[in-house]
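Engineer: First, the structure itself, so that you have it in front of you.
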Protein chains: 2
Amino acid sequence: MNLSPLNKARYGYSPKLPGMLRNGIADISVKEGAPTQSVADQEKIKALFPNTYGKNEITFEKGTNTSAVKKQVVGVILSGGQAPGGHNVICGLYDALKAINPENELYGFKGGPSGLVEDDYVVFDDEFINAYRNTGGFDIIGSGRTKLETEEQFAIVTEVCKKHGITAITIIGGDDSNTNAAVLAEYFAAHEAGVQVIGCPKTIDGDLKNEDIECSFGFDTATKTFSELIGNIERDANSAKKYWHFIKVMGRSASHVALECALETQPNICLIGEEVAAKNMSLSEIASSIADSVEKRAANGMNFGVAIIPEGIVEFVPEFSALIAEINELLAGNKTEEFNALPNWSAKLAFIKSGLSESAMDVFSVLPQNIQQQLFLERDPHGNVQVSLIESEKLFSAMVKTELDKRKKAGTFTGKFSAQHHFFGYEGRCAFPSNFDADYCYSLGYNAAMLIQYGFNGYLSKVSNLSKPAEEWVAGGMPITKMMNIERRNGKDKPVIRKALVELDGKPFKFFEANREAWAVETAFTYPGAIQYYGPTEVCDLTTRTLALEKA
Amino acid sequence: MNLSPLNKARYGYSPKLPGMLRNGIADISVKEGAPTQSVADQEKIKALFPNTYGKNEITFEKGTNTSAVKKQVVGVILSGGQAPGGHNVICGLYDALKAINPENELYGFKGGPSGLVEDDYVVFDDEFINAYRNTGGFDIIGSGRTKLETEEQFAIVTEVCKKHGITAITIIGGDDSNTNAAVLAEYFAAHEAGVQVIGCPKTIDGDLKNEDIECSFGFDTATKTFSELIGNIERDANSAKKYWHFIKVMGRSASHVALECALETQPNICLIGEEVAAKNMSLSEIASSIADSVEKRAANGMNFGVAIIPEGIVEFVPEFSALIAEINELLAGNKTEEFNALPNWSAKLAFIKSGLSESAMDVFSVLPQNIQQQLFLERDPHGNVQVSLIESEKLFSAMVKTELDKRKKAGTFTGKFSAQHHFFGYEGRCAFPSNFDADYCYSLGYNAAMLIQYGFNGYLSKVSNLSKPAEEWVAGGMPITKMMNIERRNGKDKPVIRKALVELDGKPFKFFEANREAWAVETAFTYPGAIQYYGPTEVCDLTTRTLALEKA
């Protein structure tokens with residue numbers, strides 16, 4: 001195996017724990033706080049989680065460890081998309097379990113939640129763990145998207161746990177996975193299975209965030225990686241002075257990633273889906289606002305710029321969502337076959353025109369032809385439009401070009417407009433975790449072991465006060481039910497962790513809003529550069545601008 | 001101006017000079033080596049450069065500075081595409097000029113060579129220079145692609161130099177720009193203009209390389225940045241285990257960038273254009289060789305992988321080049337209008353079929369439809385196919401898919417194949433220069449000032465022994481004519497610097513060749529991570545694998 005120099009060097013990094021966890025296992029005591037309530041729909045959530053609802057908030061502090069002596073056999077799974085730092089959660093969990101009792105064991109179930117159902121696992125030892133310390137990726141045991149949610153699955157999992165003598169399961173995942181962790185915890189409690197469940201908040205998307213979870217892990221590293229690239233492109237734009245770069249960034253529906261990248265790099269444009277929805281903006285209005293920036297900069301001799309486009313943007317444009325709904329309806333059932341049988345695009349276009357409402361057709365008409373075709377030709381197995389595949393960075397640049405062509409004819413735009421397109425996602429999900437994520441993740445895992453040792457079930461490993469140095473971080477746990485509300489999903493009421501969208505009255509957006517008019521016209525680019533793991537602390541240990549502003 | 005923490009920290013970095021330049025200006029003496037000959041076509045080159053041909057190789061060493069006392073007014077230009085470290089060349093030049101004589105002046109001509117013709121400039125001072133130390137980009141004065149090659153331009157440049165009392169011009173550029181630098185130097189000498197010309201070897205593409213120039217600046221940083229991203233994607237592929245990633249990397253014709261990235265990251269596949277040409281490989285053969293890797297990995301349960309595609313690959317496929325030539329011929333003159341007037345793609349296809357030779361049509365037929373259309377619908381102002389715009393990463397993944405579908409039917413392939421596509425170029429051209437590029441560039445600039453001070457003209461600033469620590473680097477100069485030969489360009493014989501292609505009997509390719517069969521089947525990925533500027537020297541000061549292997 002050929003390890004890169006950085007990979008080797010990172011093995012030697014010692015992640016920083018919260019001060020209260022630094023005194024050794026024997027000196028970590030638990031402080032129970034007040035009982036909790038779910039953020040909404042309290043009666044319904046309580047009824048669904050009779051055994052795990054309303055438990056106390058937990059904080060660890062320096063003091064005599066009063067936990068019972070017991071051999072722990074813990075299982076851990078990685079669930080969903082990769083996020084930098086997942087390996088460190090497992091390392092922290094492993095180290096704490098071994099420090100508590102060298103006889104303790106950690107099982108890693110492979111390929112995500114399905115590994116738990118299929119009993120596909122590895123038992124970690126020092127050599128195995130050491131090869132993954134402070135590295136990116138989820139390759140230590142792999143990940144997967146199977147959902148653990150049915151009684152049948154839970155029964156199998158219970159058997160698997162019994163077989164290995166497993167006392168607790170740690171689920172490293174996003175909002176859905178942690179919702180399912182809470183359901184599993186309730187199942188274990190109701191069935192007196194003797195197995196605890198502890199969740200850890202993972203996602204680069206940043207949408208698992210609430211008054212208890214200051215940020216999910218991986219968000220820091222992923223946004224720093226994207227910002228490195230955006231900054232490099234900004235500097236290229238400002239050197240060559242001939243391109244507008246449209247850069248789409250991963251992050252699912254919410255625009256947290258785009259906003260953080262904008263705060264880091266100060267581009268000319270950054271779209272925020274939540275604002276587009278709140279203001280009921282049309283595609284043309286969005287394109288026109290970008291064209292305004294292009295026009296103003298061109299008037300100052302600057303025929304270049306950078307625009308950040310969040311992955312989920314089109315879902316937030318009300319008229320576009322309405323169009324998608326009509327298309328899905330238009331092609332439902334065997335109408336897809338009928339459509340596919342039409343000989344060419346002209347015939348298909350006639351079919352579309354006759355099937356869409358006037359307002360939907362108006363929206364469809366402003367789309368560039370390749371996007372029009374994409375909407376009809378690439379659909380998922382259920383016949384639905386694959387919104388996530390829509391190349392929105394190309395959609396908007398094409399619409400901006402059309403708008404500028406109009407303005408050119410009208411004489412208001414006399415500049416040049418030439419676009420380049422980028423999409424960043426896979427580039428950042430498996431980067432070596434930043435010092436922040438390496439520390440935070442190791443602490444989450446270490447902390448999860450302490451929650452297990454103290455017998456808690458249905459809790460999320462919680463580390464807070466994250467905008468301060470690690471020494472001042474606060475470690476503890478929060479019942480997952482506390483973060484839940486009832487939402488309508490697939491026609492059913494479901495208890496779920498509320499997904500965090502960008503708050504338009506929150507400080508990060510407010511800061512962006514206060515500056516963006518200047519950024520749209522001036523060249524106020526900021527170049528973050530590559531993530532640094534060594535060197536000055538102000539370069540290496542800084543967390544996100546989002547968190548800094550939220551805690552300011 | 002909002003500077004990132006890394007940007008501020010990098011201002012404080014002191015680039016390392018070659019040992020022989022560390023003793024202070026008064027202790028730098030010049031040692032003249034043997035007279036030089038051009039690498040080929042000696043008589044022709046000599047005839048074209050009567051005043052600058054055959055000069056001696058130069059090395060600096062510790063010793064009493066014997067140069068004449070003279071006020072230097074130097075002009076500098078950045079030419080062509082951005083490369084990390086350009087700012088440091090200017091900083092090194094500035095610092096040396098001021099150290100030689102505080103009265104010396106440095107003019108930066110803006111927007112590339114056109115700035116020199118248009119007399120558009122800035123005079124540098126400490127404050128200006130300090131804002132660009134150790135940063136990426138060419139935004140200090142901008143760059144441009146105007147070529148300085150006509151007598152008319154030279155006459156204007158001579159006037160501009162006279163006006164400002166300019167004694168020397170430093171041209172920071174690639175092979176073409178340095179060729180033009182040599183022609184300008186000859187012009188100045190022939191016209192006794194009293195202006196010297198010194199070139200500096202710049203390009204991320206790595207194709208300005210020969211027995212004197214060990215590597216061009218920017219190649220190190222750009223390939224490290226691309227390798228960071230490729231490594232992150234490899235780790236993602238190895239975690240999610242469900243995608244094959246086809247990654248195109250910038251680098252023009254030659255495959256140096258792709259090869260270096262492959263040596264850094266050990267992907268499953270890396271195409272090398274020079275090999276494809278040497279073996280006269282067809283598109284189908286290339287696709288088939290990739291499909292072999294996909295099939296073998298699938299047989300081992302690994303339905304994922306990474307393939308690196310050099311930007312210039314299709315130009316090296318003989319049958320593809322022949323097809324392009326026929327298409328250009330087919331659409332020459334007013335036949336483009338005739339073609340464009342055809343009502344739809346079917347009609348166009350008939351036109352194409354009737355116009356192409358059978359062998360060209362065979363090649364055309366294996367292309368995916370979107371590439372077929374691209375070849376005919378997107379052409380440059382001269383009606384030629386824009387080869388550089390061809391999305392070869394999508395071309396090959398589509399052809400691999402077709403091949404695998406065949407194998408699936410034949411029963412030899414039973415795995416899954418799902419592809420993702422990436423193109424990296426703008427992400428790496430303006431990154432903060434690695435310590436290597438920061439040091440190398442600063443040395444090139446510092447050295448250029450010494451060549452100017454000692455009165456040399458038509459020289460390339462040369463710093464060698466680069467695989468060793470900077471202390472052991474050797475500083476000097478080489479007549480640009482030494483690197484020249486005669487090549488046919490646009491139907492005329494022209495003296496040019498020979499462009500370096502990947503040598504198939506060179507150590508870097510040989511190393512790759514010896515390992516690639518294993519890499520194609522195994523998961524031997526190496527994850528380089530982000531460029532580090534601080535920390536352990538083995539992490540921060542390492543140069544490219546290419547250079548290390550070449551000098552091994």
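Identifiers for the structure tokens are assigned positionally: chains receive A, B, ... in sequence, residues are indexed from 1 per chain, and ligands are indexed from 1 in the order shown.
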What are the residues of chain A lining chain B at 8 Å or less? Count only C-alpha atoms, and put the answer as JSON, numbers by chain.
Structural biologist: {"A": [1, 2, 3, 4, 5, 6, 7, 9, 81, 82, 136, 137, 138, 139, 140, 141, 142, 143, 144, 229, 230, 232, 233, 235, 236, 238, 239, 240, 241, 264, 426, 427, 428, 429, 430, 431, 432, 524, 525, 526, 527, 528, 529, 530, 531, 532, 533, 534, 535, 536, 538, 539]}
Engineer: For segment 509-518 of chain A, work out the shell of residues within 9 Å, counting only C-alpha atoms and skipping chain neighbours fewer than 6 positions away, then give it as a short mmCIF file (atom, residue, chain, number, x, y, z; two decimals) with N, CA, C and O atoms, in the first residue's frame.
Structural biologist:
data_model
loop_
_atom_site.label_atom_id
_atom_site.label_comp_id
_atom_site.auth_asym_id
_atom_site.auth_seq_id
_atom_site.Cartn_x
_atom_site.Cartn_y
_atom_site.Cartn_z
N LEU A 259 -24.30 28.95 0.94
CA LEU A 259 -24.16 30.16 1.75
C LEU A 259 -22.80 30.21 2.43
O LEU A 259 -22.12 31.24 2.41
N ALA A 262 -20.20 31.05 0.00
CA ALA A 262 -20.28 32.47 -0.37
C ALA A 262 -19.63 33.34 0.71
O ALA A 262 -18.93 34.31 0.41
N LEU A 263 -19.86 33.00 1.97
CA LEU A 263 -19.25 33.76 3.07
C LEU A 263 -17.73 33.62 3.03
O LEU A 263 -17.00 34.55 3.40
N GLN A 266 -16.84 35.25 -1.10
CA GLN A 266 -17.39 36.52 -1.57
C GLN A 266 -17.53 36.60 -3.10
O GLN A 266 -16.95 37.48 -3.74
N PRO A 267 -18.32 35.69 -3.66
CA PRO A 267 -18.51 35.70 -5.11
C PRO A 267 -19.45 36.84 -5.52
O PRO A 267 -20.01 37.52 -4.67
N ASN A 268 -19.63 37.01 -6.81
CA ASN A 268 -20.53 38.07 -7.28
C ASN A 268 -21.99 37.71 -7.04
O ASN A 268 -22.82 38.58 -6.77
N ILE A 269 -22.28 36.41 -7.14
CA ILE A 269 -23.66 35.93 -7.01
C ILE A 269 -23.66 34.64 -6.19
O ILE A 269 -22.79 33.79 -6.37
N CYS A 270 -24.62 34.53 -5.30
CA CYS A 270 -24.91 33.22 -4.70
C CYS A 270 -26.41 33.13 -4.54
O CYS A 270 -27.02 33.98 -3.87
N ILE A 272 -29.81 31.54 -3.05
CA ILE A 272 -30.22 30.86 -1.82
C ILE A 272 -31.65 30.36 -2.04
O ILE A 272 -32.57 31.17 -2.21
N SER A 293 -26.01 41.86 -12.51
CA SER A 293 -24.62 41.89 -12.04
C SER A 293 -23.66 41.86 -13.23
O SER A 293 -22.68 42.63 -13.27
N VAL A 502 -31.95 27.16 5.54
CA VAL A 502 -31.30 28.43 5.84
C VAL A 502 -32.36 29.39 6.37
O VAL A 502 -33.42 29.57 5.75
N GLU A 503 -32.08 29.98 7.54
CA GLU A 503 -33.03 30.92 8.12
C GLU A 503 -32.77 32.31 7.56
O GLU A 503 -31.66 32.84 7.68
N ALA A 524 -14.79 41.48 -5.01
CA ALA A 524 -14.46 41.39 -3.59
C ALA A 524 -14.06 39.97 -3.21
O ALA A 524 -14.16 39.57 -2.06
N THR A 546 -20.34 30.36 8.99
CA THR A 546 -21.73 30.19 9.42
C THR A 546 -21.81 30.08 10.95
O THR A 546 -22.56 30.81 11.60
N LEU A 549 -20.73 33.28 12.79
CA LEU A 549 -21.75 34.33 12.75
C LEU A 549 -22.94 33.96 13.64
O LEU A 549 -23.49 34.81 14.34
#
Engineer: Would you return as an NGL selection string the members of segment 207-394 of chain A that DSSP assigns to alpha helix (DSSP H) on this structure's backbone?
Structural biologist: :A and (219-240 or 256-265 or 273-278 or 283-299 or 318-330 or 335-341 or 345-355 or 358-366 or 369-377 or 392-394)
Engineer: Determine the nearest neighbour of Glu337 of chain B from the options B:Val76, B:Phe376, B:Gln386, B:Ala40, counting only C-alpha atoms.
Structural biologist: B:Phe376
Engineer: Within 7 Å of segment 476-489 of chain B, counting only C-alpha atoms, which residues show up once you throw out same-chain ones fewer than 3 positions away? Write them as a PyMOL selection string, please.
Structural biologist: chain B and resi 36-41+53+55+57-60+182+447+458-463+492-498
Engineer: Work out how far atom CA of Trp519 of chain B is from atom CA of Asp541 of chain B, in Å to one decimal.
Structural biologist: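 Atom CA of Trp519 of chain B lies 26.8 Å from atom CA of Asp541 of chain B.
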Engineer: Please provide as a ChimeraX atom specification all residues within 12 Å of Phe217 of chain B, with the sequence filter that same-chain residues fewer than 3 positions apart are discarded (counting only C-alpha atoms).
Structural biologist: /B:82-89,136,172-174,200-209,213-214,220-223,429,433-445,461-464,466,543-544
Engineer: Those same residues, written as a tab-separated table (two decimals), in the first residue's frame with N, CA and C atoms?
Structural biologist:
chain	number	residue	atom	x	y	z
B	82	GLN	N	-2.83	31.09	-16.83
B	82	GLN	CA	-2.32	31.25	-15.47
B	82	GLN	C	-1.57	30.00	-15.00
B	83	ALA	N	-0.59	30.23	-14.15
B	83	ALA	CA	0.13	29.13	-13.50
B	83	ALA	C	0.53	29.61	-12.11
B	84	PRO	N	0.33	28.77	-11.10
B	84	PRO	CA	0.65	29.18	-9.72
B	84	PRO	C	2.13	29.54	-9.59
B	85	GLY	N	2.41	30.69	-9.02
B	85	GLY	CA	3.78	31.11	-8.81
B	85	GLY	C	4.18	32.32	-9.65
B	86	GLY	N	3.36	32.68	-10.59
B	86	GLY	CA	3.69	33.85	-11.43
B	86	GLY	C	3.95	35.10	-10.61
B	87	HIS	N	3.17	35.29	-9.56
B	87	HIS	CA	3.38	36.45	-8.70
B	87	HIS	C	4.77	36.41	-8.06
B	88	ASN	N	5.20	35.23	-7.68
B	88	ASN	CA	6.51	35.12	-7.02
B	88	ASN	C	7.67	35.38	-7.98
B	89	VAL	N	7.51	35.09	-9.26
B	89	VAL	CA	8.56	35.45	-10.21
B	89	VAL	C	8.75	36.96	-10.17
B	136	GLY	N	-1.48	32.90	-5.46
B	136	GLY	CA	-1.72	32.35	-6.79
B	136	GLY	C	-2.24	33.40	-7.74
B	172	ILE	N	7.31	36.16	-18.92
B	172	ILE	CA	6.95	34.95	-18.18
B	172	ILE	C	5.92	34.22	-19.01
B	173	GLY	N	6.33	33.10	-19.61
B	173	GLY	CA	5.38	32.43	-20.50
B	173	GLY	C	5.79	31.01	-20.84
B	174	GLY	N	5.01	30.40	-21.72
B	174	GLY	CA	5.25	29.02	-22.14
B	174	GLY	C	6.17	28.93	-23.33
B	200	CYS	N	11.11	33.34	-18.68
B	200	CYS	CA	10.93	32.44	-17.53
B	200	CYS	C	9.95	31.35	-17.92
B	201	PRO	N	10.28	30.09	-17.61
B	201	PRO	CA	9.48	28.95	-18.10
B	201	PRO	C	8.23	28.69	-17.28
B	202	LYS	N	7.09	29.08	-17.84
B	202	LYS	CA	5.80	28.93	-17.16
B	202	LYS	C	4.87	28.02	-17.93
B	203	THR	N	4.22	27.11	-17.31
B	203	THR	CA	3.03	26.41	-17.80
B	203	THR	C	2.69	25.24	-16.90
B	204	ILE	N	1.41	25.15	-16.55
B	204	ILE	CA	0.96	24.00	-15.74
B	204	ILE	C	0.99	22.74	-16.58
B	205	ASP	N	1.04	22.88	-17.91
B	205	ASP	CA	0.94	21.70	-18.78
B	205	ASP	C	2.18	20.81	-18.72
B	206	GLY	N	3.29	21.38	-18.28
B	206	GLY	CA	4.51	20.58	-18.14
B	206	GLY	C	5.22	20.28	-19.45
B	207	ASP	N	4.79	20.92	-20.54
B	207	ASP	CA	5.37	20.59	-21.85
B	207	ASP	C	6.53	21.50	-22.24
B	208	LEU	N	6.89	22.43	-21.36
B	208	LEU	CA	8.11	23.22	-21.57
B	208	LEU	C	9.17	22.60	-20.67
B	209	LYS	N	9.85	21.64	-21.23
B	209	LYS	CA	10.78	20.83	-20.44
B	209	LYS	C	11.80	20.28	-21.42
B	213	ILE	N	15.68	22.74	-18.91
B	213	ILE	CA	14.56	23.12	-18.05
B	213	ILE	C	13.97	21.86	-17.44
B	214	GLU	N	14.21	21.65	-16.17
B	214	GLU	CA	13.75	20.41	-15.53
B	214	GLU	C	12.23	20.37	-15.41
B	220	ASP	N	3.81	21.81	-10.61
B	220	ASP	CA	3.78	21.16	-9.29
B	220	ASP	C	2.47	21.45	-8.57
B	221	THR	N	2.11	22.73	-8.47
B	221	THR	CA	0.90	23.12	-7.73
B	221	THR	C	-0.37	22.64	-8.41
B	222	ALA	N	-0.41	22.80	-9.73
B	222	ALA	CA	-1.63	22.41	-10.45
B	222	ALA	C	-1.87	20.91	-10.32
B	223	THR	N	-0.81	20.11	-10.53
B	223	THR	CA	-1.00	18.66	-10.45
B	223	THR	C	-1.30	18.23	-9.01
B	429	ARG	N	-5.13	26.29	-11.71
B	429	ARG	CA	-4.21	27.24	-12.35
B	429	ARG	C	-3.87	28.44	-11.47
B	433	PRO	N	0.65	28.98	-4.68
B	433	PRO	CA	1.73	28.09	-5.08
B	433	PRO	C	2.23	27.23	-3.92
B	434	SER	N	2.49	25.97	-4.23
B	434	SER	CA	3.12	25.08	-3.25
B	434	SER	C	4.44	25.71	-2.81
B	435	ASN	N	4.99	25.22	-1.71
B	435	ASN	CA	6.30	25.74	-1.31
B	435	ASN	C	7.31	25.59	-2.44
B	436	PHE	N	7.24	24.46	-3.15
B	436	PHE	CA	8.16	24.25	-4.26
B	436	PHE	C	8.00	25.34	-5.30
B	437	ASP	N	6.77	25.58	-5.75
B	437	ASP	CA	6.57	26.59	-6.79
B	437	ASP	C	6.86	28.00	-6.26
B	438	ALA	N	6.54	28.25	-4.99
B	438	ALA	CA	6.83	29.56	-4.41
B	438	ALA	C	8.34	29.80	-4.42
B	439	ASP	N	9.10	28.79	-4.03
B	439	ASP	CA	10.57	28.89	-3.99
B	439	ASP	C	11.15	28.98	-5.41
B	440	TYR	N	10.70	28.07	-6.26
B	440	TYR	CA	11.22	27.98	-7.62
B	440	TYR	C	10.96	29.29	-8.38
B	441	CYS	N	9.74	29.80	-8.25
B	441	CYS	CA	9.38	31.01	-8.99
B	441	CYS	C	10.14	32.23	-8.48
B	442	TYR	N	10.23	32.35	-7.16
B	442	TYR	CA	10.97	33.46	-6.59
B	442	TYR	C	12.42	33.41	-7.07
B	443	SER	N	12.97	32.19	-7.11
B	443	SER	CA	14.35	32.01	-7.57
B	443	SER	C	14.49	32.37	-9.05
B	444	LEU	N	13.50	31.96	-9.86
B	444	LEU	CA	13.54	32.28	-11.29
B	444	LEU	C	13.57	33.80	-11.50
B	445	GLY	N	12.75	34.50	-10.70
B	445	GLY	CA	12.69	35.96	-10.83
B	445	GLY	C	13.97	36.63	-10.35
B	461	SER	N	15.81	32.19	-17.83
B	461	SER	CA	16.23	32.05	-16.44
B	461	SER	C	16.15	30.56	-16.10
B	462	LYS	N	17.27	30.03	-15.64
B	462	LYS	CA	17.36	28.58	-15.43
B	462	LYS	C	17.73	28.24	-14.00
B	463	VAL	N	16.89	27.48	-13.35
B	463	VAL	CA	17.20	26.97	-12.00
B	463	VAL	C	17.06	25.46	-12.08
B	464	SER	N	18.12	24.76	-11.74
B	464	SER	CA	18.09	23.30	-11.90
B	464	SER	C	18.54	22.57	-10.64
B	466	LEU	N	16.48	20.52	-9.24
B	466	LEU	CA	15.26	20.83	-8.49
B	466	LEU	C	14.73	19.68	-7.64
B	543	THR	N	8.51	17.65	-4.26
B	543	THR	CA	8.17	18.05	-5.62
B	543	THR	C	7.42	16.91	-6.32
B	544	THR	N	7.28	17.00	-7.62
B	544	THR	CA	6.44	16.02	-8.33
B	544	THR	C	7.09	14.65	-8.38
Engineer: Of the candidates A:Cys215, A:Ile100, A:Leu389, A:Val521, which one gets nearest to Ala548 of chain A if we count only C-alpha atoms?
Structural biologist: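 For Ala548 of chain A, the nearest of the candidates is A:Cys215.
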